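So the structure is just underneath, and the comments pick up after that.
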Amino acid sequence: MSLGGSTQGNSAVDDNGHVYLELAQSITAGYTLTKKLGAYTEFFALFPHGATAPDTVAQYYFNGGFTYKFTSNFQYDIRAGVGLNRHADDMFAGTGFAFRY
């Protein structure tokens with residue numbers, strides 16, 4: 001098992017066309033299921049700073065997924081999650097891959 005987190009600062013545009021800083025914070029727990037198969041759960045939140053549109057407020061999410069290592073340098077993942085407050089998306093899903101070089 002592993003525990004990690006991240007902090008980000010991103011440029012975003014609200015519904016008024018105003019550019020603002022969006023801060024993101026996450027905490028993730030990773031689980032090793034087999035040598036190649038892993039899983040994770042994550043809580044993350046998006047915090048707008050300087051947005052002018054009234055509906056641009058904090059969003060909270062919980063998600064989880066699985067990872068599969070094809071090689072030590074190439075990994076595939078699938079994920080799904082839910083929004084935890086009324087301003088967050090109700091649900092989401094996705095897939096992706098990562099290279100290490």
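By order of appearance in the structure tokens: chains A, B, ..., then residues from 1 within every chain, and ligands from 1 in the order shown.
Every protein or nucleic acid residue with an atom no more than 10 Å from region 85-91 of chain A, counting only C-alpha atoms and leaving out same-chain residues fewer than 6 positions away, appears here: Ala45, Leu46, Asp55, Thr56, Val57, Ala58, Gln59, Tyr60, Tyr61, Phe62 and Asn63 of chain A.
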Dump as a PDB file, in the first residue's frame, selection limited to C-alpha atoms:
```pdb
ATOM      1  CA  ALA A  45     -10.933  19.055  -4.662  1.00  0.00           C
ATOM      2  CA  LEU A  46     -10.791  22.061  -7.003  1.00  0.00           C
ATOM      3  CA  ASP A  55     -21.389  29.404  -9.785  1.00  0.00           C
ATOM      4  CA  THR A  56     -17.595  28.974  -9.916  1.00  0.00           C
ATOM      5  CA  VAL A  57     -17.090  27.519  -6.453  1.00  0.00           C
ATOM      6  CA  ALA A  58     -15.197  24.625  -4.834  1.00  0.00           C
ATOM      7  CA  GLN A  59     -15.845  21.113  -6.173  1.00  0.00           C
ATOM      8  CA  TYR A  60     -15.155  17.895  -4.240  1.00  0.00           C
ATOM      9  CA  TYR A  61     -14.729  14.403  -5.753  1.00  0.00           C
ATOM     10  CA  PHE A  62     -14.020  10.781  -4.852  1.00  0.00           C
ATOM     11  CA  ASN A  63     -12.783   8.257  -7.415  1.00  0.00           C
TER      12      ASN A  63
END
```
* To do: Write out as a PyMOL selection string the residues lying within 9 Å of Asp14 (chain A), counting only C-alpha atoms and excluding same-chain residues fewer than 3 positions away.
  => chain A and resi 17-20+51-53+55-56
Quick one: write out the picked residues with N, CA and C atoms as a PDB file, in the first residue's frame?
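In the end it all went to out.pdb:
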```
ATOM      1  N   GLY A  17     -15.994  34.576 -18.744  1.00  0.00           N
ATOM      2  CA  GLY A  17     -14.814  34.775 -19.580  1.00  0.00           C
ATOM      3  C   GLY A  17     -13.625  35.305 -18.808  1.00  0.00           C
ATOM      4  N   HIS A  18     -13.706  35.300 -17.501  1.00  0.00           N
ATOM      5  CA  HIS A  18     -12.645  35.813 -16.627  1.00  0.00           C
ATOM      6  C   HIS A  18     -11.639  34.702 -16.314  1.00  0.00           C
ATOM      7  N   VAL A  19     -10.362  34.989 -16.499  1.00  0.00           N
ATOM      8  CA  VAL A  19      -9.301  34.035 -16.185  1.00  0.00           C
ATOM      9  C   VAL A  19      -9.015  34.077 -14.683  1.00  0.00           C
ATOM     10  N   TYR A  20      -8.913  32.901 -14.071  1.00  0.00           N
ATOM     11  CA  TYR A  20      -8.649  32.830 -12.635  1.00  0.00           C
ATOM     12  C   TYR A  20      -7.709  31.658 -12.338  1.00  0.00           C
ATOM     13  N   ALA A  51     -12.224  33.872  -9.355  1.00  0.00           N
ATOM     14  CA  ALA A  51     -13.293  33.739 -10.355  1.00  0.00           C
ATOM     15  C   ALA A  51     -14.377  34.772 -10.068  1.00  0.00           C
ATOM     16  N   THR A  52     -15.032  35.260 -11.131  1.00  0.00           N
ATOM     17  CA  THR A  52     -16.085  36.260 -10.956  1.00  0.00           C
ATOM     18  C   THR A  52     -17.484  35.688 -11.158  1.00  0.00           C
ATOM     19  N   ALA A  53     -17.625  34.549 -11.841  1.00  0.00           N
ATOM     20  CA  ALA A  53     -18.941  33.942 -12.054  1.00  0.00           C
ATOM     21  C   ALA A  53     -19.432  33.347 -10.729  1.00  0.00           C
ATOM     22  N   ASP A  55     -21.344  30.863  -9.917  1.00  0.00           N
ATOM     23  CA  ASP A  55     -21.389  29.404  -9.785  1.00  0.00           C
ATOM     24  C   ASP A  55     -20.017  28.751  -9.838  1.00  0.00           C
ATOM     25  N   THR A  56     -18.947  29.526  -9.913  1.00  0.00           N
ATOM     26  CA  THR A  56     -17.595  28.974  -9.916  1.00  0.00           C
ATOM     27  C   THR A  56     -17.125  28.901  -8.465  1.00  0.00           C
TER      28      THR A  56
END
```
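With CA of Phe99 (chain A) on one side and CA of Val13 (chain A) on the other, the separation reads 29.7 Å.
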So that I can check the surroundings of Ala39 (chain A), please list as a PDB file with C-alpha atoms, in the first residue's frame every protein, DNA and RNA residue that reaches within 8 Å of it, counting only C-alpha atoms and ignoring chain neighbours fewer than 3 positions away.
```
ATOM      1  CA  GLY A  30      -2.578   2.925  -3.849  1.00  0.00           C
ATOM      2  CA  TYR A  31      -2.916  -0.837  -3.476  1.00  0.00           C
ATOM      3  CA  THR A  32      -0.732  -3.563  -5.010  1.00  0.00           C
ATOM      4  CA  LEU A  33      -2.984  -6.478  -6.000  1.00  0.00           C
ATOM      5  CA  GLY A  64     -11.041   4.948  -7.795  1.00  0.00           C
ATOM      6  CA  GLY A  65      -9.586   2.772 -10.456  1.00  0.00           C
ATOM      7  CA  PHE A  66      -7.261   0.029 -11.568  1.00  0.00           C
ATOM      8  CA  THR A  67      -3.807   0.107 -13.146  1.00  0.00           C
TER       9      THR A  67
END
```
* Can you pull out every residue within 10 Å of Lys35 (chain A), counting only C-alpha atoms, but drop anything in the same chain fewer than 3 positions away, and send it as a ChimeraX atom specification? => /A:32,38,68-69
* Picked from region 33-71 of chain A by DSSP as strand (DSSP E or B), as an MDAnalysis selection string -> chainID A and resid 37:49 59:71
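Minimum atom-to-atom distances from A:Ala12, A:Ala29, A:Ala93, A:Ala24 to Phe44 (chain A) were compared using only C-alpha atoms, and the lowest value belongs to A:Ala24.
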* Structure fact -> Between CA of Thr34 (chain A) and CA of Val82 (chain A) lies a distance of 26.4 Å
* To do: Return the single residue from A:Pro48, A:Gly9, A:Pro54, A:Gly94 that is closest to Gly81 (chain A), with distances computed using only C-alpha atoms.
  => A:Gly94
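You can rank A:Thr28, A:Thr95, A:Asn73, A:Ser6 by their closest distance to Tyr40 (chain A) using only C-alpha atoms, and at the top of that list sits A:Thr28.
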